[in-house]
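*Asks:* Provided below: start.cif, containing mmCIF, N, CA and C atoms.
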```
data_entry
#
loop_
_atom_site.label_atom_id
_atom_site.label_comp_id
_atom_site.auth_asym_id
_atom_site.auth_seq_id
_atom_site.Cartn_x
_atom_site.Cartn_y
_atom_site.Cartn_z
N MET A 1 118.74 119.22 97.42
CA MET A 1 118.78 117.94 98.09
C MET A 1 117.53 117.16 97.72
N GLY A 2 117.72 115.94 97.27
CA GLY A 2 116.60 115.10 96.90
C GLY A 2 115.88 114.54 98.11
N LEU A 3 114.76 113.91 97.86
CA LEU A 3 113.95 113.36 98.94
C LEU A 3 114.68 112.25 99.69
N PHE A 4 115.45 111.44 98.96
CA PHE A 4 116.20 110.35 99.60
C PHE A 4 117.20 110.93 100.61
N GLU A 5 117.94 111.95 100.19
CA GLU A 5 118.92 112.56 101.08
C GLU A 5 118.24 113.26 102.26
N GLN A 6 117.09 113.88 102.00
CA GLN A 6 116.35 114.57 103.06
C GLN A 6 115.90 113.57 104.12
N ILE A 7 115.40 112.41 103.69
CA ILE A 7 114.96 111.38 104.64
C ILE A 7 116.15 110.91 105.47
N SER A 8 117.31 110.70 104.83
CA SER A 8 118.50 110.25 105.54
C SER A 8 118.91 111.27 106.61
N GLU A 9 118.87 112.55 106.26
CA GLU A 9 119.22 113.60 107.23
C GLU A 9 118.20 113.64 108.37
N ASP A 10 116.94 113.47 108.04
CA ASP A 10 115.90 113.52 109.07
C ASP A 10 115.96 112.31 110.00
N ILE A 11 116.46 111.19 109.49
CA ILE A 11 116.67 110.02 110.36
C ILE A 11 117.70 110.36 111.43
N LYS A 12 118.78 111.02 111.02
CA LYS A 12 119.82 111.42 111.98
C LYS A 12 119.25 112.36 113.04
N SER A 13 118.48 113.34 112.61
CA SER A 13 117.92 114.29 113.57
C SER A 13 116.89 113.63 114.49
N ALA A 14 116.14 112.66 113.98
CA ALA A 14 115.18 111.94 114.82
C ALA A 14 115.91 111.09 115.86
N MET A 15 117.06 110.53 115.47
CA MET A 15 117.87 109.78 116.43
C MET A 15 118.36 110.69 117.56
N LEU A 16 118.89 111.85 117.17
CA LEU A 16 119.39 112.80 118.17
C LEU A 16 118.28 113.29 119.09
N ALA A 17 117.09 113.47 118.54
CA ALA A 17 115.95 113.95 119.33
C ALA A 17 115.27 112.82 120.11
N LYS A 18 115.71 111.58 119.85
CA LYS A 18 115.10 110.38 120.47
C LYS A 18 113.59 110.32 120.21
N ASP A 19 113.21 110.68 119.00
CA ASP A 19 111.82 110.65 118.57
C ASP A 19 111.55 109.29 117.92
N LYS A 20 111.06 108.35 118.72
CA LYS A 20 110.92 106.96 118.26
C LYS A 20 109.92 106.81 117.11
N VAL A 21 108.79 107.48 117.19
CA VAL A 21 107.76 107.34 116.16
C VAL A 21 108.29 107.85 114.82
N ARG A 22 108.89 109.04 114.84
CA ARG A 22 109.43 109.63 113.61
C ARG A 22 110.55 108.76 113.05
N LEU A 23 111.42 108.27 113.94
CA LEU A 23 112.55 107.44 113.52
C LEU A 23 112.06 106.15 112.86
N GLU A 24 111.09 105.51 113.47
CA GLU A 24 110.55 104.26 112.91
C GLU A 24 109.91 104.51 111.54
N ALA A 25 109.14 105.59 111.42
CA ALA A 25 108.48 105.91 110.15
C ALA A 25 109.51 106.21 109.07
N LEU A 26 110.52 107.00 109.39
CA LEU A 26 111.52 107.38 108.39
C LEU A 26 112.38 106.18 107.98
N ARG A 27 112.68 105.32 108.92
CA ARG A 27 113.43 104.11 108.56
C ARG A 27 112.62 103.23 107.62
N ASN A 28 111.33 103.17 107.85
CA ASN A 28 110.46 102.39 106.97
C ASN A 28 110.46 102.99 105.56
N VAL A 29 110.38 104.32 105.46
CA VAL A 29 110.42 104.98 104.16
C VAL A 29 111.75 104.68 103.48
N LYS A 30 112.84 104.80 104.23
CA LYS A 30 114.17 104.60 103.63
C LYS A 30 114.32 103.16 103.12
N LYS A 31 113.72 102.21 103.84
CA LYS A 31 113.77 100.81 103.40
C LYS A 31 113.14 100.67 102.02
N TYR A 32 111.97 101.27 101.84
CA TYR A 32 111.29 101.20 100.53
C TYR A 32 112.09 101.95 99.47
N PHE A 33 112.70 103.07 99.85
CA PHE A 33 113.53 103.82 98.91
C PHE A 33 114.70 102.98 98.44
N LEU A 34 115.36 102.30 99.38
CA LEU A 34 116.52 101.47 99.02
C LEU A 34 116.11 100.32 98.12
N GLU A 35 114.96 99.73 98.41
CA GLU A 35 114.46 98.64 97.55
C GLU A 35 114.22 99.15 96.14
N ALA A 36 113.67 100.35 96.02
CA ALA A 36 113.40 100.92 94.69
C ALA A 36 114.70 101.27 93.98
N LYS A 37 115.69 101.76 94.73
CA LYS A 37 116.97 102.14 94.11
C LYS A 37 117.72 100.93 93.58
N THR A 38 117.59 99.80 94.28
CA THR A 38 118.35 98.61 93.90
C THR A 38 117.55 97.65 93.03
N ALA A 39 116.34 98.03 92.66
CA ALA A 39 115.52 97.19 91.78
C ALA A 39 116.17 97.10 90.41
N PRO A 40 115.96 95.99 89.71
CA PRO A 40 116.53 95.87 88.37
C PRO A 40 116.07 97.02 87.46
N GLY A 41 117.02 97.63 86.79
CA GLY A 41 116.72 98.72 85.87
C GLY A 41 116.68 100.09 86.50
N ALA A 42 116.90 100.19 87.82
CA ALA A 42 116.81 101.48 88.50
C ALA A 42 118.11 102.28 88.40
N ASN A 43 119.21 101.64 88.03
CA ASN A 43 120.51 102.29 87.89
C ASN A 43 120.94 103.01 89.17
N ASP A 44 120.54 102.48 90.32
CA ASP A 44 120.91 103.01 91.63
C ASP A 44 120.50 104.48 91.80
N THR A 45 119.39 104.86 91.20
CA THR A 45 118.87 106.22 91.37
C THR A 45 117.40 106.14 91.76
N LEU A 46 116.93 107.19 92.42
CA LEU A 46 115.53 107.28 92.80
C LEU A 46 115.08 108.72 92.59
N PRO A 47 114.41 108.99 91.46
CA PRO A 47 113.93 110.36 91.24
C PRO A 47 112.87 110.74 92.27
N ASP A 48 112.72 112.02 92.51
CA ASP A 48 111.78 112.49 93.53
C ASP A 48 110.33 112.10 93.23
N ASP A 49 109.94 112.05 91.94
CA ASP A 49 108.56 111.67 91.64
C ASP A 49 108.29 110.22 92.03
N ALA A 50 109.28 109.35 91.85
CA ALA A 50 109.12 107.95 92.27
C ALA A 50 109.09 107.86 93.79
N ALA A 51 109.90 108.67 94.44
CA ALA A 51 109.92 108.68 95.91
C ALA A 51 108.58 109.16 96.46
N LEU A 52 107.99 110.15 95.83
CA LEU A 52 106.68 110.64 96.27
C LEU A 52 105.60 109.57 96.12
N LYS A 53 105.69 108.80 95.04
CA LYS A 53 104.71 107.72 94.85
C LYS A 53 104.83 106.68 95.96
N ILE A 54 106.07 106.39 96.37
CA ILE A 54 106.29 105.43 97.45
C ILE A 54 105.67 105.96 98.75
N ILE A 55 105.89 107.23 99.03
CA ILE A 55 105.35 107.82 100.25
C ILE A 55 103.83 107.84 100.20
N GLN A 56 103.25 108.16 99.05
CA GLN A 56 101.79 108.16 98.90
C GLN A 56 101.23 106.76 99.17
N LYS A 57 101.92 105.75 98.69
CA LYS A 57 101.49 104.38 98.89
C LYS A 57 101.53 104.03 100.39
N LEU A 58 102.58 104.48 101.07
CA LEU A 58 102.70 104.21 102.51
C LEU A 58 101.60 104.92 103.29
N VAL A 59 101.24 106.13 102.87
CA VAL A 59 100.15 106.86 103.53
C VAL A 59 98.85 106.10 103.38
N LYS A 60 98.56 105.65 102.16
CA LYS A 60 97.32 104.91 101.91
C LYS A 60 97.28 103.61 102.72
N GLN A 61 98.40 102.88 102.72
CA GLN A 61 98.46 101.63 103.48
C GLN A 61 98.27 101.89 104.97
N GLY A 62 98.91 102.94 105.48
CA GLY A 62 98.81 103.26 106.90
C GLY A 62 97.39 103.61 107.30
N LYS A 63 96.71 104.40 106.46
CA LYS A 63 95.33 104.77 106.76
C LYS A 63 94.42 103.54 106.71
N ASP A 64 94.63 102.67 105.73
CA ASP A 64 93.84 101.44 105.64
C ASP A 64 94.05 100.56 106.86
N SER A 65 95.30 100.42 107.26
CA SER A 65 95.62 99.59 108.43
C SER A 65 94.99 100.17 109.69
N ALA A 66 95.07 101.48 109.84
CA ALA A 66 94.48 102.13 111.03
C ALA A 66 92.98 101.90 111.07
N GLN A 67 92.34 101.95 109.91
CA GLN A 67 90.90 101.73 109.86
C GLN A 67 90.56 100.30 110.28
N ILE A 68 91.35 99.35 109.82
CA ILE A 68 91.12 97.94 110.20
C ILE A 68 91.33 97.76 111.69
N TYR A 69 92.42 98.34 112.22
CA TYR A 69 92.67 98.23 113.67
C TYR A 69 91.53 98.85 114.46
N ALA A 70 90.99 99.97 114.01
CA ALA A 70 89.92 100.63 114.74
C ALA A 70 88.65 99.77 114.75
N THR A 71 88.36 99.11 113.63
CA THR A 71 87.17 98.25 113.59
C THR A 71 87.33 97.01 114.46
N GLN A 72 88.58 96.64 114.75
CA GLN A 72 88.84 95.48 115.58
C GLN A 72 89.11 95.87 117.04
N ASN A 73 88.73 97.11 117.38
CA ASN A 73 88.89 97.63 118.74
C ASN A 73 90.34 97.61 119.22
N ARG A 74 91.28 97.92 118.33
CA ARG A 74 92.69 98.02 118.69
C ARG A 74 93.14 99.45 118.43
N GLN A 75 92.59 100.38 119.20
CA GLN A 75 92.86 101.80 119.00
C GLN A 75 94.33 102.13 119.21
N ASP A 76 95.01 101.37 120.07
CA ASP A 76 96.44 101.61 120.29
C ASP A 76 97.25 101.42 119.01
N LEU A 77 96.94 100.36 118.27
CA LEU A 77 97.63 100.11 117.00
C LEU A 77 97.21 101.11 115.94
N ALA A 78 95.93 101.49 115.95
CA ALA A 78 95.45 102.48 114.98
C ALA A 78 96.15 103.82 115.21
N ASP A 79 96.30 104.22 116.46
CA ASP A 79 96.98 105.48 116.78
C ASP A 79 98.44 105.45 116.33
N SER A 80 99.08 104.31 116.51
CA SER A 80 100.47 104.15 116.08
C SER A 80 100.60 104.31 114.57
N GLU A 81 99.69 103.68 113.83
CA GLU A 81 99.70 103.80 112.37
C GLU A 81 99.46 105.25 111.94
N LEU A 82 98.50 105.90 112.56
CA LEU A 82 98.18 107.28 112.18
C LEU A 82 99.32 108.24 112.52
N ALA A 83 100.07 107.95 113.58
CA ALA A 83 101.22 108.78 113.92
C ALA A 83 102.28 108.67 112.82
N GLN A 84 102.50 107.45 112.33
CA GLN A 84 103.45 107.28 111.24
C GLN A 84 102.94 107.93 109.95
N VAL A 85 101.65 107.84 109.69
CA VAL A 85 101.07 108.47 108.50
C VAL A 85 101.31 109.97 108.53
N SER A 86 101.18 110.58 109.70
CA SER A 86 101.39 112.03 109.78
C SER A 86 102.84 112.39 109.46
N VAL A 87 103.79 111.51 109.80
CA VAL A 87 105.19 111.75 109.44
C VAL A 87 105.35 111.65 107.92
N TYR A 88 104.74 110.64 107.32
CA TYR A 88 104.83 110.48 105.87
C TYR A 88 104.24 111.69 105.15
N GLU A 89 103.08 112.14 105.63
CA GLU A 89 102.38 113.24 104.97
C GLU A 89 103.18 114.54 104.99
N SER A 90 104.09 114.68 105.95
CA SER A 90 104.88 115.91 106.03
C SER A 90 105.83 116.04 104.83
N TYR A 91 106.07 114.95 104.11
CA TYR A 91 106.95 114.97 102.94
C TYR A 91 106.19 115.11 101.62
N LEU A 92 104.87 115.05 101.69
CA LEU A 92 104.06 115.17 100.48
C LEU A 92 103.70 116.63 100.23
N PRO A 93 103.51 117.01 98.97
CA PRO A 93 103.07 118.39 98.69
C PRO A 93 101.67 118.60 99.24
N GLN A 94 101.33 119.85 99.50
CA GLN A 94 100.00 120.17 100.02
C GLN A 94 98.95 119.77 99.00
N PRO A 95 97.92 119.04 99.44
CA PRO A 95 96.86 118.66 98.49
C PRO A 95 96.05 119.88 98.06
N LEU A 96 95.50 119.79 96.87
CA LEU A 96 94.67 120.88 96.34
C LEU A 96 93.32 120.90 97.06
N SER A 97 92.79 122.09 97.25
CA SER A 97 91.44 122.20 97.79
C SER A 97 90.46 121.82 96.68
N ALA A 98 89.20 121.66 97.04
CA ALA A 98 88.20 121.27 96.05
C ALA A 98 88.08 122.33 94.94
N GLU A 99 88.17 123.61 95.32
CA GLU A 99 88.07 124.69 94.33
C GLU A 99 89.29 124.69 93.41
N GLU A 100 90.48 124.50 93.99
CA GLU A 100 91.70 124.47 93.18
C GLU A 100 91.70 123.28 92.23
N LEU A 101 91.24 122.13 92.73
CA LEU A 101 91.16 120.93 91.90
C LEU A 101 90.21 121.17 90.73
N GLU A 102 89.06 121.73 91.01
CA GLU A 102 88.08 122.00 89.95
C GLU A 102 88.66 122.97 88.91
N SER A 103 89.37 123.99 89.37
CA SER A 103 89.98 124.95 88.47
C SER A 103 91.02 124.29 87.56
N GLU A 104 91.87 123.46 88.13
CA GLU A 104 92.89 122.75 87.35
C GLU A 104 92.25 121.81 86.34
N LEU A 105 91.20 121.11 86.77
CA LEU A 105 90.54 120.17 85.86
C LEU A 105 89.81 120.90 84.73
N LYS A 106 89.27 122.07 85.00
CA LYS A 106 88.64 122.85 83.93
C LYS A 106 89.68 123.22 82.87
N LYS A 107 90.88 123.57 83.31
CA LYS A 107 91.96 123.90 82.37
C LYS A 107 92.31 122.68 81.52
N ILE A 108 92.41 121.52 82.16
CA ILE A 108 92.75 120.28 81.45
C ILE A 108 91.66 119.91 80.46
N ILE A 109 90.40 120.09 80.86
CA ILE A 109 89.28 119.79 79.97
C ILE A 109 89.33 120.71 78.76
N ALA A 110 89.65 121.99 78.98
CA ALA A 110 89.74 122.94 77.88
C ALA A 110 90.90 122.57 76.94
N GLN A 111 92.02 122.12 77.50
CA GLN A 111 93.18 121.73 76.69
C GLN A 111 92.87 120.52 75.82
N THR A 112 92.18 119.54 76.40
CA THR A 112 91.92 118.31 75.66
C THR A 112 90.72 118.43 74.74
N GLY A 113 89.89 119.45 74.94
CA GLY A 113 88.73 119.63 74.10
C GLY A 113 87.61 118.66 74.40
N ALA A 114 87.59 118.13 75.61
CA ALA A 114 86.56 117.16 76.00
C ALA A 114 85.23 117.87 76.19
N THR A 115 84.16 117.19 75.79
CA THR A 115 82.83 117.80 75.90
C THR A 115 81.80 116.87 76.53
N SER A 116 82.08 115.58 76.58
CA SER A 116 81.08 114.64 77.08
C SER A 116 81.73 113.59 77.99
N PRO A 117 80.92 112.87 78.73
CA PRO A 117 81.46 111.83 79.61
C PRO A 117 82.25 110.74 78.88
N GLN A 118 82.05 110.60 77.55
CA GLN A 118 82.82 109.61 76.78
C GLN A 118 84.30 109.99 76.72
N ASP A 119 84.61 111.26 76.94
CA ASP A 119 86.00 111.73 76.89
C ASP A 119 86.71 111.60 78.23
N MET A 120 86.09 110.98 79.20
CA MET A 120 86.65 110.92 80.55
C MET A 120 88.01 110.23 80.58
N GLY A 121 88.19 109.16 79.83
CA GLY A 121 89.47 108.44 79.82
C GLY A 121 90.61 109.33 79.37
N LYS A 122 90.35 110.12 78.36
CA LYS A 122 91.37 111.03 77.83
C LYS A 122 91.76 112.06 78.91
N ILE A 123 90.78 112.58 79.61
CA ILE A 123 91.03 113.58 80.64
C ILE A 123 91.75 112.97 81.84
N MET A 124 91.30 111.79 82.25
CA MET A 124 91.89 111.15 83.43
C MET A 124 93.38 110.87 83.23
N GLY A 125 93.76 110.46 82.02
CA GLY A 125 95.17 110.20 81.75
C GLY A 125 96.02 111.44 81.95
N VAL A 126 95.57 112.56 81.42
CA VAL A 126 96.30 113.82 81.54
C VAL A 126 96.25 114.33 82.99
N ALA A 127 95.07 114.25 83.60
CA ALA A 127 94.87 114.81 84.94
C ALA A 127 95.67 114.06 86.00
N THR A 128 95.71 112.74 85.92
CA THR A 128 96.44 112.00 86.94
C THR A 128 97.94 112.28 86.87
N LYS A 129 98.46 112.50 85.67
CA LYS A 129 99.88 112.85 85.55
C LYS A 129 100.12 114.27 86.04
N ALA A 130 99.27 115.18 85.64
CA ALA A 130 99.47 116.59 86.00
C ALA A 130 99.26 116.85 87.49
N LEU A 131 98.35 116.12 88.11
CA LEU A 131 98.00 116.37 89.51
C LEU A 131 98.54 115.31 90.45
N SER A 132 99.49 114.52 89.99
CA SER A 132 100.07 113.46 90.80
C SER A 132 100.63 114.03 92.10
N GLY A 133 100.20 113.47 93.20
CA GLY A 133 100.68 113.90 94.50
C GLY A 133 99.91 115.07 95.08
N LYS A 134 99.14 115.75 94.25
CA LYS A 134 98.40 116.92 94.72
C LYS A 134 96.93 116.62 94.96
N ALA A 135 96.43 115.54 94.34
CA ALA A 135 95.03 115.19 94.49
C ALA A 135 94.86 113.68 94.40
N ASP A 136 93.89 113.18 95.12
CA ASP A 136 93.56 111.77 95.14
C ASP A 136 92.86 111.39 93.84
N GLY A 137 93.15 110.21 93.33
CA GLY A 137 92.55 109.74 92.09
C GLY A 137 91.04 109.72 92.13
N ARG A 138 90.48 109.34 93.28
CA ARG A 138 89.03 109.28 93.42
C ARG A 138 88.43 110.69 93.33
N ALA A 139 89.08 111.66 93.97
CA ALA A 139 88.59 113.04 93.93
C ALA A 139 88.65 113.59 92.51
N ILE A 140 89.72 113.26 91.80
CA ILE A 140 89.86 113.70 90.41
C ILE A 140 88.72 113.12 89.57
N SER A 141 88.49 111.82 89.72
CA SER A 141 87.46 111.13 88.94
C SER A 141 86.08 111.71 89.20
N GLU A 142 85.74 111.91 90.48
CA GLU A 142 84.42 112.43 90.82
C GLU A 142 84.22 113.84 90.27
N THR A 143 85.26 114.67 90.36
CA THR A 143 85.17 116.04 89.86
C THR A 143 85.02 116.07 88.35
N VAL A 144 85.78 115.22 87.66
CA VAL A 144 85.68 115.17 86.19
C VAL A 144 84.28 114.72 85.78
N LYS A 145 83.73 113.72 86.44
CA LYS A 145 82.37 113.26 86.13
C LYS A 145 81.37 114.40 86.28
N ARG A 146 81.50 115.13 87.38
CA ARG A 146 80.57 116.22 87.66
C ARG A 146 80.71 117.33 86.61
N LEU A 147 81.95 117.64 86.22
CA LEU A 147 82.17 118.72 85.24
C LEU A 147 81.68 118.34 83.85
N LEU A 148 81.76 117.07 83.50
CA LEU A 148 81.36 116.64 82.16
C LEU A 148 79.88 116.33 82.05
N ALA A 149 79.22 116.18 83.19
CA ALA A 149 77.79 115.82 83.16
C ALA A 149 76.91 116.96 82.69
#
```
Would you mind giving the structure from this file in structure tokens?
*Replies:*
Amino acid sequence: MGLFEQISEDIKSAMLAKDKVRLEALRNVKKYFLEAKTAPGANDTLPDDAALKIIQKLVKQGKDSAQIYATQNRQDLADSELAQVSVYESYLPQPLSAEELESELKKIIAQTGATSPQDMGKIMGVATKALSGKADGRAISETVKRLLA
């Protein structure tokens, strides 16, 4: 079962459980999924990797919004955003720990034959594709800089 179908099934179960926060978050995800499926050139399909990117984007937006609400003393809205973010995150793969990330990046550096900070672009291209959904781009970049220094 793909991610799109899983979200649809979870919407039904959230309705039955009368879980308003989960239902609202999942409906929001499904809206973005439908927009992506019906976009020109999508052929009415949504591969799981594209669906994961959409969910990652929603997580980032939700965290940013919650931070803005918190700085404006609207903790009620921040809590609502963070509750939805936790629902989104349940569909993402487990992120790599710092040690696991470093280990994976060392393998990528060995594969590409990079030896100096000038090779960072080459490594980042491979690393962001290989670690998509498992690690944040900023964490990847900082670790690569440290390893090449």
*Asks:* Suppose you want the space between atom C of Arg27 (chain A) and CA of Pro40 (chain A); what is it in Å?
*Replies:*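 Interatomic distance here is 21.0 Å.
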*Asks:* Which residues are close to Ile140 (chain A), i.e. within 8 Å by only N, CA and C atoms, leaving aside same-chain residues fewer than 4 positions away? Reply as a PyMOL selection string.
*Replies:* chain A and resi 101+105+124+127-128+135-136+144-146
*Asks:* Do you have, as a Markdown table, the list of residues of region 45-116 of chain A lying at most 12 Å from region 15-19 of chain A, each with its nearest atom pair and that distance in Å to one decimal, counting only C-alpha atoms and ordered by chain then number?
*Replies:*
```
| residue | atom | partner | partner_atom | distance |
| --- | --- | --- | --- | --- |
| A:Ala83 | CA | A:Asp19 | CA | 11.7 |
| A:Gln84 | CA | A:Asp19 | CA | 11.6 |
| A:Val87 | CA | A:Asp19 | CA | 11.3 |
```
*Asks:* Which residue, A:Lys134, A:Arg74, A:Lys31, A:Lys129, has the smallest gap to Glu100 (chain A) when you use only C-alpha atoms?
*Replies:*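 So, comparing all the options, the nearest one is A:Lys134.
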*Asks:* With distances taken over only N, CA and C atoms, which residue among A:Ile108, A:Ile68, A:Leu26, A:Ile123 lies nearest Ser8 (chain A)?
*Replies:*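 Using only N, CA and C atoms, the shortest distance to Ser8 (chain A) belongs to A:Leu26.
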*Asks:* Could you check how far CA of Ile11 (chain A) sits from CA of Lys30 (chain A), in Å to one decimal?
*Replies:*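 Here the two named atoms are 9.0 Å from each other.
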*Asks:* Give me, as a ChimeraX atom specification, all polymer residues having an atom no more than 10 Å from Asp64 (chain A), counting only C-alpha atoms and skipping those fewer than 6 positions away in the same chain.
*Replies:* /A:58,70,78,81-82
*Asks:* Between A:Val59, A:Gln72, A:Ile54, A:Leu147, which residue has the minimum interatomic distance to Lys106 (chain A), considering all atoms listed in the file?
*Replies:* A:Leu147
*Asks:* Rounded to one decimal in Å, what is the spacing between CA of Glu102 (chain A) and CA of Lys57 (chain A)?
*Replies:* 23.9 Å
*Asks:* Extract the full set of helix (DSSP H, G or I) residues from chain A according to DSSP on the backbone, and format it as number ranges by chain.
*Replies:* A: 3-17, 20-37, 48-71, 75-89, 98-112, 117-130, 137-148
*Asks:* Evaluated on this file, the PyMOL selection byres ((chain A and resi 117) around 7) picks out some residues - which ones are they, written as a list in words?
*Replies:*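 Matching residues under the PyMOL selection byres ((chain A and resi 117) around 7) are Thr115, Ser116, Gln118, Asp119, Met120, Gly121, Lys145, Leu148 and Ala149 of chain A.
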*Asks:* As lines of an AutoDock Vina configuration file, please: the centre and edge lengths in Å, to one decimal, of an axis-aligned box enclosing every listed atom of region 46-59 of chain A with 8 Å added on each side.
*Replies:*
```
center_x = 107.9
center_y = 108.3
center_z = 97.4
size_x = 34.1
size_y = 24.5
size_z = 28.3
```
*Asks:* Just so the selection is clear, what residues does the PyMOL selection byres (((chain A and resi 95 and name CA) around 8) and name CA) cover here, as a list in words?
*Replies:*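 Answer for the PyMOL selection byres (((chain A and resi 95 and name CA) around 8) and name CA): Pro93, Gln94, Leu96, Ser97, Gly133, Lys134 and Ala135 of chain A.
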*Asks:* Between A:Glu35, A:Glu9, A:Glu89, A:Asp76, which has the minimum distance to Ile55 (chain A) (counting only N, CA and C atoms)?
*Replies:* A:Glu89
*Asks:* May I ask which of the residues A:Lys60, A:Glu24, A:Asp79, A:Ala110 is the closest one to Gly137 (chain A), counting only C-alpha atoms?
*Replies:* A:Lys60
*Asks:* Nearest to Gln56 (chain A): which of A:Ser80, A:Ser86, A:Thr38, A:Thr71 is it, counting only C-alpha atoms?
*Replies:*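 Comparing A:Ser80, A:Ser86, A:Thr38, A:Thr71 against Gln56 (chain A), the winner is A:Ser86.
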*Asks:* Which residues, named as in the file, does the PyMOL selection byres (((chain A and resi 4-6 and name CA) around 8) and name CA) pick out? Answer as a PyMOL selection string.
*Replies:* chain A and resi 1-3+7-10+30+33+46+48+51
